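Here's coords14.cif, which has mmCIF, C-alpha atoms:
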```cif
data_structure
#
loop_
_atom_site.group_PDB
_atom_site.id
_atom_site.type_symbol
_atom_site.label_atom_id
_atom_site.label_comp_id
_atom_site.auth_asym_id
_atom_site.auth_seq_id
_atom_site.Cartn_x
_atom_site.Cartn_y
_atom_site.Cartn_z
ATOM 1 C CA MET A 1 107.928 -2.905 -9.843
ATOM 2 C CA ALA A 2 106.042 -4.718 -12.626
ATOM 3 C CA LYS A 3 108.160 -5.859 -15.563
ATOM 4 C CA LEU A 4 105.107 -7.011 -17.531
ATOM 5 C CA CYS A 5 101.983 -4.869 -17.812
ATOM 6 C CA VAL A 6 98.814 -6.180 -19.465
ATOM 7 C CA LEU A 7 95.614 -4.356 -20.382
ATOM 8 C CA GLY A 8 92.240 -5.900 -21.113
ATOM 9 C CA GLU A 9 89.427 -8.114 -20.009
ATOM 10 C CA TYR A 10 89.159 -9.729 -16.608
ATOM 11 C CA LEU A 11 85.933 -11.675 -16.321
ATOM 12 C CA ILE A 12 84.168 -14.800 -15.084
ATOM 13 C CA ASP A 13 84.669 -18.061 -16.967
ATOM 14 C CA PHE A 14 81.790 -20.367 -16.113
ATOM 15 C CA THR A 15 83.395 -23.715 -16.885
ATOM 16 C CA PRO A 16 81.635 -27.114 -16.972
ATOM 17 C CA GLN A 17 82.834 -29.295 -14.125
ATOM 18 C CA GLY A 18 80.770 -32.429 -13.758
ATOM 19 C CA LEU A 19 77.112 -33.299 -14.195
ATOM 20 C CA THR A 20 74.039 -33.518 -12.021
ATOM 21 C CA GLU A 21 72.327 -36.871 -11.539
ATOM 22 C CA ARG A 22 70.156 -35.972 -14.530
ATOM 23 C CA GLY A 23 73.204 -35.301 -16.702
ATOM 24 C CA ILE A 24 72.936 -31.495 -16.628
ATOM 25 C CA PRO A 25 76.318 -29.686 -16.656
ATOM 26 C CA LEU A 26 77.508 -28.060 -13.446
ATOM 27 C CA TYR A 27 79.444 -24.823 -13.923
ATOM 28 C CA ALA A 28 82.379 -23.655 -11.815
ATOM 29 C CA GLN A 29 82.897 -19.908 -11.363
ATOM 30 C CA ASN A 30 86.496 -19.288 -12.448
ATOM 31 C CA PRO A 31 88.388 -16.025 -12.973
ATOM 32 C CA GLY A 32 89.553 -15.524 -16.538
ATOM 33 C CA GLY A 33 90.169 -13.161 -19.428
ATOM 34 C CA ALA A 34 93.176 -13.540 -21.708
ATOM 35 C CA PRO A 35 95.319 -10.568 -20.548
ATOM 36 C CA ALA A 36 94.709 -11.352 -16.863
ATOM 37 C CA ASN A 37 95.586 -14.985 -17.534
ATOM 38 C CA VAL A 38 98.856 -13.907 -19.160
ATOM 39 C CA ALA A 39 99.761 -11.649 -16.232
ATOM 40 C CA CYS A 40 99.063 -14.350 -13.636
ATOM 41 C CA ALA A 41 100.971 -16.976 -15.631
ATOM 42 C CA ALA A 42 104.058 -14.776 -15.919
ATOM 43 C CA ALA A 43 103.870 -13.700 -12.270
ATOM 44 C CA LYS A 44 103.703 -17.309 -11.074
ATOM 45 C CA LEU A 45 106.844 -17.955 -13.116
ATOM 46 C CA GLY A 46 108.718 -15.150 -11.405
ATOM 47 C CA THR A 47 108.102 -12.104 -13.614
ATOM 48 C CA PRO A 48 106.430 -9.264 -11.693
ATOM 49 C CA ALA A 49 103.230 -8.368 -13.557
ATOM 50 C CA ALA A 50 100.477 -5.761 -13.369
ATOM 51 C CA VAL A 51 96.948 -5.626 -14.776
ATOM 52 C CA ILE A 52 95.197 -2.565 -16.163
ATOM 53 C CA THR A 53 91.458 -3.255 -16.257
ATOM 54 C CA LYS A 54 88.103 -2.264 -14.834
ATOM 55 C CA VAL A 55 86.302 -4.507 -12.344
ATOM 56 C CA SER A 56 82.646 -4.211 -11.383
ATOM 57 C CA ASN A 57 81.364 -3.371 -7.928
ATOM 58 C CA ASP A 58 78.791 -6.160 -8.235
ATOM 59 C CA GLN A 59 79.147 -9.489 -6.405
ATOM 60 C CA LEU A 60 81.000 -11.154 -9.259
ATOM 61 C CA GLY A 61 83.349 -8.192 -9.476
ATOM 62 C CA GLU A 62 84.038 -8.479 -5.754
ATOM 63 C CA PHE A 63 84.947 -12.115 -6.358
ATOM 64 C CA LEU A 64 87.316 -11.189 -9.214
ATOM 65 C CA TYR A 65 89.073 -8.438 -7.297
ATOM 66 C CA GLY A 66 89.327 -10.578 -4.170
ATOM 67 C CA TYR A 67 90.758 -13.476 -6.156
ATOM 68 C CA LEU A 68 93.673 -11.416 -7.491
ATOM 69 C CA LYS A 69 94.206 -9.784 -4.126
ATOM 70 C CA ASP A 70 94.373 -13.176 -2.391
ATOM 71 C CA LEU A 71 96.658 -14.557 -5.114
ATOM 72 C CA LYS A 72 99.263 -11.950 -4.099
ATOM 73 C CA VAL A 73 101.313 -12.233 -7.273
ATOM 74 C CA VAL A 74 99.836 -9.459 -9.476
ATOM 75 C CA ASP A 75 100.127 -5.680 -9.026
ATOM 76 C CA LEU A 76 96.599 -4.235 -8.721
ATOM 77 C CA ARG A 77 97.414 -0.522 -9.038
ATOM 78 C CA GLY A 78 95.944 -0.521 -12.555
ATOM 79 C CA VAL A 79 92.600 -2.036 -11.502
ATOM 80 C CA VAL A 80 89.802 0.532 -11.306
ATOM 81 C CA ARG A 81 86.298 -0.161 -10.024
ATOM 82 C CA GLY A 82 82.987 0.755 -11.629
ATOM 83 C CA ASP A 83 79.240 0.141 -11.435
ATOM 84 C CA GLU A 84 79.022 -1.612 -14.809
ATOM 85 C CA HIS A 85 78.210 -5.332 -14.671
ATOM 86 C CA THR A 86 80.845 -8.084 -14.770
ATOM 87 C CA GLY A 87 81.558 -9.691 -18.134
ATOM 88 C CA LEU A 88 80.741 -13.389 -18.420
ATOM 89 C CA ALA A 89 81.968 -16.212 -20.640
ATOM 90 C CA PHE A 90 80.279 -19.604 -20.541
ATOM 91 C CA VAL A 91 82.710 -22.283 -21.679
ATOM 92 C CA VAL A 92 81.471 -25.261 -23.672
ATOM 93 C CA LEU A 93 84.026 -28.073 -23.472
ATOM 94 C CA LYS A 94 84.492 -30.646 -26.211
ATOM 95 C CA GLU A 95 85.564 -34.273 -25.721
ATOM 96 C CA ASP A 96 89.178 -33.461 -26.732
ATOM 97 C CA GLY A 97 89.432 -30.702 -24.095
ATOM 98 C CA ASP A 98 89.003 -27.897 -26.634
ATOM 99 C CA ARG A 99 86.248 -25.339 -26.049
ATOM 100 C CA ASP A 100 83.796 -22.824 -27.435
ATOM 101 C CA PHE A 101 82.421 -19.721 -25.691
ATOM 102 C CA VAL A 102 79.125 -17.945 -25.155
ATOM 103 C CA PHE A 103 79.714 -14.318 -24.090
ATOM 104 C CA PHE A 104 77.743 -11.741 -22.120
ATOM 105 C CA ARG A 105 79.927 -8.631 -22.409
ATOM 106 C CA ASP A 106 77.837 -5.719 -23.694
ATOM 107 C CA LYS A 107 78.984 -2.599 -21.783
ATOM 108 C CA CYS A 108 80.546 -4.718 -19.047
ATOM 109 C CA ALA A 109 83.111 -3.225 -16.671
ATOM 110 C CA ASP A 110 86.352 -4.014 -18.528
ATOM 111 C CA ALA A 111 84.799 -2.951 -21.862
ATOM 112 C CA MET A 112 84.143 0.470 -20.331
ATOM 113 C CA LEU A 113 87.725 1.109 -19.212
ATOM 114 C CA SER A 114 88.403 4.640 -20.442
ATOM 115 C CA LYS A 115 91.579 6.315 -21.638
ATOM 116 C CA ASP A 116 91.608 8.510 -18.530
ATOM 117 C CA GLU A 117 91.587 5.426 -16.288
ATOM 118 C CA VAL A 118 94.813 3.955 -17.701
ATOM 119 C CA ASN A 119 97.568 3.999 -15.068
ATOM 120 C CA THR A 120 100.571 5.235 -17.070
ATOM 121 C CA GLU A 121 102.864 4.796 -14.072
ATOM 122 C CA LEU A 122 102.736 1.055 -14.729
ATOM 123 C CA LEU A 123 103.599 1.623 -18.392
ATOM 124 C CA ASP A 124 106.585 3.709 -17.331
ATOM 125 C CA GLU A 125 107.832 0.912 -15.067
ATOM 126 C CA CYS A 126 107.352 -2.153 -17.270
ATOM 127 C CA ASN A 127 109.605 -3.718 -19.885
ATOM 128 C CA ILE A 128 106.769 -5.397 -21.817
ATOM 129 C CA PHE A 129 103.215 -4.219 -22.555
ATOM 130 C CA HIS A 130 100.691 -6.862 -23.643
ATOM 131 C CA PHE A 131 97.099 -6.643 -24.914
ATOM 132 C CA SER A 132 94.603 -8.493 -27.125
ATOM 133 C CA SER A 133 91.954 -7.581 -29.680
ATOM 134 C CA VAL A 134 89.047 -8.249 -27.297
ATOM 135 C CA SER A 135 89.493 -4.797 -25.737
ATOM 136 C CA LEU A 136 89.252 -3.289 -29.235
ATOM 137 C CA VAL A 137 85.636 -4.458 -29.653
ATOM 138 C CA SER A 138 84.299 -1.681 -27.411
ATOM 139 C CA GLU A 139 84.895 1.889 -28.592
ATOM 140 C CA VAL A 140 85.648 2.965 -25.015
ATOM 141 C CA SER A 141 88.200 0.281 -24.094
ATOM 142 C CA GLY A 142 89.495 0.384 -27.674
ATOM 143 C CA GLU A 143 90.499 4.018 -27.213
ATOM 144 C CA ALA A 144 92.136 3.134 -23.888
ATOM 145 C CA THR A 145 94.027 0.246 -25.484
ATOM 146 C CA ARG A 146 95.338 2.360 -28.349
ATOM 147 C CA TYR A 147 96.384 5.124 -25.953
ATOM 148 C CA ALA A 148 98.245 2.664 -23.716
ATOM 149 C CA ALA A 149 99.970 0.932 -26.639
ATOM 150 C CA GLU A 150 101.060 4.226 -28.196
ATOM 151 C CA TYR A 151 102.279 5.491 -24.827
ATOM 152 C CA ALA A 152 104.271 2.296 -24.177
ATOM 153 C CA LYS A 153 105.696 2.347 -27.723
ATOM 154 C CA ALA A 154 106.876 5.932 -27.277
ATOM 155 C CA LYS A 155 108.610 4.859 -24.059
ATOM 156 C CA GLY A 156 110.519 2.122 -25.908
ATOM 157 C CA LYS A 157 108.726 -0.828 -24.341
ATOM 158 C CA ILE A 158 108.326 -4.211 -26.019
ATOM 159 C CA ILE A 159 104.746 -4.408 -27.328
ATOM 160 C CA SER A 160 103.086 -7.830 -27.390
ATOM 161 C CA PHE A 161 99.764 -8.325 -29.216
ATOM 162 C CA ASP A 162 97.675 -11.501 -28.920
ATOM 163 C CA ILE A 163 95.060 -11.249 -31.663
ATOM 164 C CA ASN A 164 92.757 -13.619 -29.711
ATOM 165 C CA TYR A 165 89.861 -13.283 -32.179
ATOM 166 C CA ARG A 166 86.405 -14.127 -30.815
ATOM 167 C CA GLY A 167 83.973 -13.832 -33.717
ATOM 168 C CA LEU A 168 80.861 -13.703 -31.539
ATOM 169 C CA LEU A 169 82.058 -10.430 -29.977
ATOM 170 C CA TRP A 170 82.411 -8.497 -33.239
ATOM 171 C CA ASP A 171 79.623 -7.050 -35.374
ATOM 172 C CA SER A 172 81.579 -8.024 -38.490
ATOM 173 C CA GLU A 173 84.746 -9.803 -39.508
ATOM 174 C CA GLU A 174 85.674 -6.786 -41.630
ATOM 175 C CA ARG A 175 85.666 -4.464 -38.620
ATOM 176 C CA ALA A 176 87.774 -6.924 -36.623
ATOM 177 C CA LYS A 177 90.359 -7.055 -39.406
ATOM 178 C CA LYS A 178 90.424 -3.260 -39.658
ATOM 179 C CA GLU A 179 90.942 -2.822 -35.905
ATOM 180 C CA VAL A 180 93.621 -5.518 -35.738
ATOM 181 C CA ASP A 181 95.503 -4.081 -38.723
ATOM 182 C CA SER A 182 95.422 -0.629 -37.137
ATOM 183 C CA MET A 183 97.272 -1.952 -34.066
ATOM 184 C CA LEU A 184 99.854 -4.128 -35.822
ATOM 185 C CA PRO A 185 102.322 -1.251 -36.522
ATOM 186 C CA LEU A 186 102.613 -0.715 -32.763
ATOM 187 C CA ALA A 187 103.500 -4.328 -31.965
ATOM 188 C CA ASP A 188 106.877 -6.069 -31.758
ATOM 189 C CA ILE A 189 105.454 -9.537 -31.064
ATOM 190 C CA VAL A 190 102.225 -10.993 -32.443
ATOM 191 C CA LYS A 191 100.719 -14.236 -31.189
ATOM 192 C CA VAL A 192 97.983 -15.992 -33.171
ATOM 193 C CA SER A 193 96.310 -19.373 -33.270
ATOM 194 C CA GLU A 194 96.425 -21.438 -36.443
ATOM 195 C CA GLU A 195 92.917 -20.253 -37.401
ATOM 196 C CA GLU A 196 93.792 -16.602 -36.690
ATOM 197 C CA ALA A 197 96.940 -16.875 -38.778
ATOM 198 C CA VAL A 198 94.790 -17.826 -41.774
ATOM 199 C CA LEU A 199 92.081 -15.224 -41.056
ATOM 200 C CA PHE A 200 94.379 -12.256 -40.415
ATOM 201 C CA GLY A 201 97.509 -13.350 -42.256
ATOM 202 C CA GLY A 202 96.027 -14.861 -45.407
ATOM 203 C CA SER A 203 97.441 -18.348 -44.867
ATOM 204 C CA LEU A 204 99.374 -20.293 -42.263
ATOM 205 C CA GLU A 205 102.459 -20.198 -44.454
ATOM 206 C CA GLY A 206 102.190 -16.515 -45.374
ATOM 207 C CA ALA A 207 100.969 -15.100 -42.062
ATOM 208 C CA ALA A 208 104.397 -14.247 -40.673
ATOM 209 C CA GLU A 209 105.407 -12.449 -43.853
ATOM 210 C CA ARG A 210 102.242 -10.335 -43.815
ATOM 211 C CA PHE A 211 102.599 -9.502 -40.128
ATOM 212 C CA ARG A 212 106.251 -8.560 -40.597
ATOM 213 C CA SER A 213 105.198 -6.107 -43.318
ATOM 214 C CA PHE A 214 103.722 -4.045 -40.451
ATOM 215 C CA GLY A 215 107.061 -4.062 -38.632
ATOM 216 C CA ILE A 216 106.457 -7.096 -36.406
ATOM 217 C CA LYS A 217 109.755 -8.578 -35.210
ATOM 218 C CA LEU A 218 108.513 -11.965 -34.005
ATOM 219 C CA VAL A 219 105.423 -14.001 -34.913
ATOM 220 C CA LEU A 220 104.238 -16.849 -32.683
ATOM 221 C CA ILE A 221 101.612 -19.290 -33.962
ATOM 222 C CA THR A 222 100.026 -21.799 -31.582
ATOM 223 C CA LEU A 223 98.867 -25.089 -33.082
ATOM 224 C CA GLY A 224 97.163 -26.683 -30.081
ATOM 225 C CA ALA A 225 98.107 -30.349 -29.785
ATOM 226 C CA ASP A 226 100.567 -29.916 -32.689
ATOM 227 C CA GLY A 227 102.803 -27.438 -30.861
ATOM 228 C CA SER A 228 103.802 -23.923 -31.919
ATOM 229 C CA ILE A 229 105.724 -22.021 -34.581
ATOM 230 C CA TYR A 230 108.039 -19.038 -34.342
ATOM 231 C CA ASP A 231 109.140 -16.868 -37.263
ATOM 232 C CA ASN A 232 111.365 -13.799 -37.009
ATOM 233 C CA GLY A 233 112.212 -13.469 -40.681
ATOM 234 C CA THR A 234 115.544 -15.263 -40.453
ATOM 235 C CA ALA A 235 114.606 -18.309 -38.395
ATOM 236 C CA ARG A 236 111.413 -20.369 -38.429
ATOM 237 C CA ASN A 237 110.722 -23.610 -36.628
ATOM 238 C CA THR A 238 107.858 -25.756 -35.385
ATOM 239 C CA ILE A 239 108.282 -26.920 -31.797
ATOM 240 C CA PRO A 240 106.208 -30.028 -31.011
ATOM 241 C CA SER A 241 103.795 -30.000 -28.095
ATOM 242 C CA PHE A 242 103.993 -32.350 -25.131
ATOM 243 C CA LYS A 243 101.545 -35.222 -24.875
ATOM 244 C CA VAL A 244 99.030 -34.493 -22.110
ATOM 245 C CA LYS A 245 95.488 -35.542 -21.348
ATOM 246 C CA ALA A 246 93.673 -32.298 -22.079
ATOM 247 C CA ILE A 247 90.615 -31.726 -19.916
ATOM 248 C CA ASP A 248 90.195 -27.943 -20.222
ATOM 249 C CA ALA A 249 92.043 -25.928 -22.865
ATOM 250 C CA THR A 250 90.659 -22.641 -21.510
ATOM 251 C CA GLY A 251 93.615 -20.327 -21.041
ATOM 252 C CA ALA A 252 96.232 -22.765 -22.386
ATOM 253 C CA GLY A 253 97.284 -20.279 -25.081
ATOM 254 C CA ASP A 254 97.433 -17.505 -22.489
ATOM 255 C CA ASN A 255 99.681 -19.635 -20.308
ATOM 256 C CA PHE A 256 101.854 -20.290 -23.343
ATOM 257 C CA MET A 257 102.118 -16.526 -23.858
ATOM 258 C CA GLY A 258 102.664 -15.698 -20.204
ATOM 259 C CA ALA A 259 105.472 -18.256 -20.036
ATOM 260 C CA PHE A 260 107.057 -16.957 -23.235
ATOM 261 C CA LEU A 261 106.993 -13.329 -22.061
ATOM 262 C CA SER A 262 108.413 -14.370 -18.687
ATOM 263 C CA TRP A 263 111.216 -16.262 -20.450
ATOM 264 C CA LEU A 264 111.877 -13.269 -22.709
ATOM 265 C CA ASP A 265 112.091 -10.835 -19.809
ATOM 266 C CA LYS A 266 114.470 -13.086 -17.875
ATOM 267 C CA CYS A 267 116.776 -13.786 -20.827
ATOM 268 C CA GLY A 268 117.630 -10.095 -21.066
ATOM 269 C CA LYS A 269 118.062 -10.043 -24.853
ATOM 270 C CA LYS A 270 116.351 -7.831 -27.398
ATOM 271 C CA ILE A 271 113.968 -9.644 -29.724
ATOM 272 C CA GLU A 272 116.286 -9.174 -32.701
ATOM 273 C CA GLU A 273 119.158 -10.701 -30.695
ATOM 274 C CA LEU A 274 117.373 -14.009 -30.100
ATOM 275 C CA SER A 275 119.047 -16.934 -31.860
ATOM 276 C CA LYS A 276 117.326 -20.023 -33.239
ATOM 277 C CA GLU A 277 118.533 -21.938 -30.173
ATOM 278 C CA ASP A 278 117.060 -19.261 -27.900
ATOM 279 C CA LEU A 279 113.692 -19.428 -29.613
ATOM 280 C CA ASP A 280 113.666 -23.239 -29.621
ATOM 281 C CA GLU A 281 114.216 -23.174 -25.864
ATOM 282 C CA ALA A 282 111.633 -20.446 -25.290
ATOM 283 C CA LEU A 283 108.879 -22.251 -27.165
ATOM 284 C CA ARG A 284 109.600 -25.579 -25.479
ATOM 285 C CA TYR A 285 109.220 -23.749 -22.167
ATOM 286 C CA ALA A 286 106.003 -22.044 -23.316
ATOM 287 C CA ASN A 287 104.595 -25.286 -24.767
ATOM 288 C CA ALA A 288 105.168 -26.970 -21.420
ATOM 289 C CA ALA A 289 103.246 -24.222 -19.609
ATOM 290 C CA GLY A 290 100.361 -24.457 -22.061
ATOM 291 C CA GLY A 291 100.243 -28.245 -21.848
ATOM 292 C CA ILE A 292 100.210 -28.234 -18.052
ATOM 293 C CA CYS A 293 97.318 -25.758 -18.022
ATOM 294 C CA ALA A 294 95.306 -27.798 -20.546
ATOM 295 C CA SER A 295 95.623 -30.848 -18.280
ATOM 296 C CA ARG A 296 93.971 -28.996 -15.367
ATOM 297 C CA TYR A 297 90.759 -27.092 -14.726
ATOM 298 C CA GLY A 298 90.766 -23.285 -14.660
ATOM 299 C CA ALA A 299 92.665 -20.777 -16.774
ATOM 300 C CA ILE A 300 94.393 -19.341 -13.690
ATOM 301 C CA ASP A 301 93.969 -22.101 -11.104
ATOM 302 C CA GLY A 302 95.514 -24.559 -13.572
ATOM 303 C CA GLN A 303 98.638 -22.506 -14.255
ATOM 304 C CA ALA A 304 102.133 -23.914 -14.001
ATOM 305 C CA THR A 305 104.790 -22.999 -11.447
ATOM 306 C CA PRO A 306 108.536 -23.010 -12.252
ATOM 307 C CA GLU A 307 108.776 -26.358 -10.422
ATOM 308 C CA ASP A 308 105.936 -27.767 -12.541
ATOM 309 C CA ILE A 309 107.662 -26.809 -15.780
ATOM 310 C CA ALA A 310 111.078 -28.014 -14.645
ATOM 311 C CA ALA A 311 109.653 -31.423 -13.708
ATOM 312 C CA PHE A 312 107.614 -31.560 -16.907
ATOM 313 C CA LEU A 313 110.609 -30.833 -19.133
ATOM 314 C CA LYS A 314 112.742 -33.323 -17.238
ATOM 315 C CA GLU A 315 110.189 -36.094 -17.786
#
```

As structure tokens - that is how I would like this structure written.
Amino acid sequence: MAKLCVLGEYLIDFTPQGLTERGIPLYAQNPGGAPANVACAAAKLGTPAAVITKVSNDQLGEFLYGYLKDLKVVDLRGVVRGDEHTGLAFVVLKEDGDRDFVFFRDKCADAMLSKDEVNTELLDECNIFHFSSVSLVSEVSGEATRYAAEYAKAKGKIISFDINYRGLLWDSEERAKKEVDSMLPLADIVKVSEEEAVLFGGSLEGAAERFRSFGIKLVLITLGADGSIYDNGTARNTIPSFKVKAIDATGAGDNFMGAFLSWLDKCGKKIEELSKEDLDEALRYANAAGGICASRYGAIDGQATPEDIAAFLKE
């Protein structure tokens, strides 16, 4: 039985991994997509997780489905198949390990996940439902996402929303803000990057206050190499990151979120019951997971195990 259920994109990350003799980048075909990354991260840390998405019947889709099946840690009952093409993201790595993206997602399989294809049995079972704004770009998957979030909210589940803004996917910043704002009243937890906090919250300092005005109970802000911030209205703290040699930051924030949601599920407390000490511990744990991932290649292949995090925190 899945305790965490995610909905959203599952795609191919083509990630640079070396150069030819002429200095031309070589690209590795890696599975990715923020919600899928979160599910795999949490599952590897011991929290049963399920993915609701649509995967193509093309060769790349066969690779994606086979990868999760072979991984044997994620519940695939929510994965439907279709004849739409597989979504692609080409990752451009910077010298500091950070990255940019070039997307090919128009009417791809996961963007065409319909409301009728959402497996509500998984939403009934889970404790936490997680999604991001990427699935709101498409009208079809946007309707499915809203339906799933409203269904999970009505069932009393914890709703986690990673804004995960990718400007190249939206036809306008105004539409992105409108769609994000429309989903905020459904969420209990919102996770944003530093840049997203400014874009959707007005400022880094005022973001948590604005998000809480929608009823958000806990705001998490990732700062990359500078760590992360939590704010629940009564407690706020910045937890420093761990020093790592970052080689591929793809999926590091998703691993942070997967680790946090796994920690939250295991602790057994309601969000409003979490103390400052609890949240300090949770973000140190999540920072460790994100740092480990950034020091490895692949958003899913580079994910941390419980043993990895335990050793990392001990060092």

Legend entry - Surrounding residues of Lys276 in chain A excluding itself and chain neighbours under 4 positions, 10 Å, only C-alpha atoms, as a list in words: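 Non-adjacent residues within range: Tyr230, Asp231, Asn232, Thr234, Ala235, Arg236, Asn237, Asp280, Glu281 and Ala282 of chain A.
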
Inset, instruction - Check the smallest atom-to-atom distance from each of A:Asp100, A:Glu277, A:Asp254, A:Glu143 to Cys293 in chain A using all atoms listed in the file, then report the winner. - result: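 The answer is A:Asp254, which sits nearest to Cys293 in chain A.
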
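Only residues having an atom at most 12 Å from (79.2, -2.5, -22.6) are included; using only C-alpha atoms, these are A:Glu9, A:Lys54, A:Ser56, A:Asp83, A:Glu84, A:His85, A:Thr86, A:Gly87, A:Leu88, A:Phe103, A:Phe104, A:Arg105, A:Asp106, A:Lys107, A:Cys108, A:Ala109, A:Asp110, A:Ala111, A:Met112, A:Leu113, A:Ser114, A:Ser135, A:Val137, A:Ser138, A:Glu139, A:Val140, A:Ser141, A:Gly142, A:Leu169.
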
Inset, instruction - Please provide the set of residues having any atom within 9 Å of Gly233 in chain A, restricted to all atoms listed in the file, with same-chain residues fewer than 6 positions apart removed, written as a list of chain:residue names. - result: A:Ala208, A:Glu209, A:Arg212, A:Lys217, A:Leu218, A:Val219

Inset, instruction - Can you pull out every residue within 6 Å of Thr15 in chain A, counting all atoms listed in the file, but drop anything in the same chain fewer than 2 positions away, and send it as a VMD selection string? - result: chain A and resid 13 27 to 28 91

Using C-alpha atoms, can you write the selected residues to a file as a compact mmCIF listing (two decimals), in the coordinates of the input?
```txt
# COMPACT_ATOMS: atom_id res chain seq x y z
CA ASP A 13 84.67 -18.06 -16.97
CA TYR A 27 79.44 -24.82 -13.92
CA ALA A 28 82.38 -23.66 -11.82
CA VAL A 91 82.71 -22.28 -21.68
```

I'd like the box whose edges run along x, y and z of the file and which contains every listed atom of range 286-299 of chain A, padded by 4 Å per side; could you state its centre and edge lengths in Å, one decimal, as AutoDock Vina command-line options?
```
--center_x 98.4 --center_y -25.8 --center_z -19.7 --size_x 23.2 --size_y 18.1 --size_z 18.1
```

Inset, instruction - Can you give me, as a PyMOL selection string, the residues this file yields under the PyMOL selection byres ((chain A and resi 258) around 10)? - result: chain A and resi 4+34-45+47+49+130+252-257+259-264+286+289-290+303

Anything within 12 Å of (104.7, 6.0, -13.8): list those residues as a short mmCIF file (atom, residue, chain, number, x, y, z; two decimals) with C-alpha atoms, in the coordinates of the input, counting only C-alpha atoms and sticking to the file's coordinates.
```
data_model
loop_
_atom_site.label_atom_id
_atom_site.label_comp_id
_atom_site.auth_asym_id
_atom_site.auth_seq_id
_atom_site.Cartn_x
_atom_site.Cartn_y
_atom_site.Cartn_z
CA MET A 1 107.93 -2.90 -9.84
CA ALA A 2 106.04 -4.72 -12.63
CA CYS A 5 101.98 -4.87 -17.81
CA ARG A 77 97.41 -0.52 -9.04
CA GLY A 78 95.94 -0.52 -12.56
CA VAL A 118 94.81 3.96 -17.70
CA ASN A 119 97.57 4.00 -15.07
CA THR A 120 100.57 5.24 -17.07
CA GLU A 121 102.86 4.80 -14.07
CA LEU A 122 102.74 1.06 -14.73
CA LEU A 123 103.60 1.62 -18.39
CA ASP A 124 106.58 3.71 -17.33
CA GLU A 125 107.83 0.91 -15.07
CA CYS A 126 107.35 -2.15 -17.27
CA TYR A 151 102.28 5.49 -24.83
CA ALA A 152 104.27 2.30 -24.18
CA LYS A 155 108.61 4.86 -24.06
#
```

Inset, instruction - Name all residues at most 10 Å from range 186-196 of chain A (count all atoms listed in the file; drop same-chain ones fewer than 5 positions away) and give them as number ranges by chain. - result: A: 128-132, 146, 149-150, 152-154, 157-166, 181, 201-204, 207-208, 211-212, 214-224, 228-230, 232, 253-254, 256-257, 261, 271-272

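Atom to atom, CA of Thr145 in chain A and CA of Thr53 in chain A stand 10.2 Å apart.
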
Legend entry - Test item: residues at most 8 Å from range 59-70 of chain A, only C-alpha atoms, excluding those fewer than 5 positions along its chain, as a list of chain:residue names: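 The neighbour list is A:Tyr10, A:Leu11, A:Ile12, A:Pro31, A:Leu76, A:His85, A:Thr86.
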
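With CA of Phe101 in chain A on one side and CA of Thr250 in chain A on the other, the separation reads 9.7 Å.
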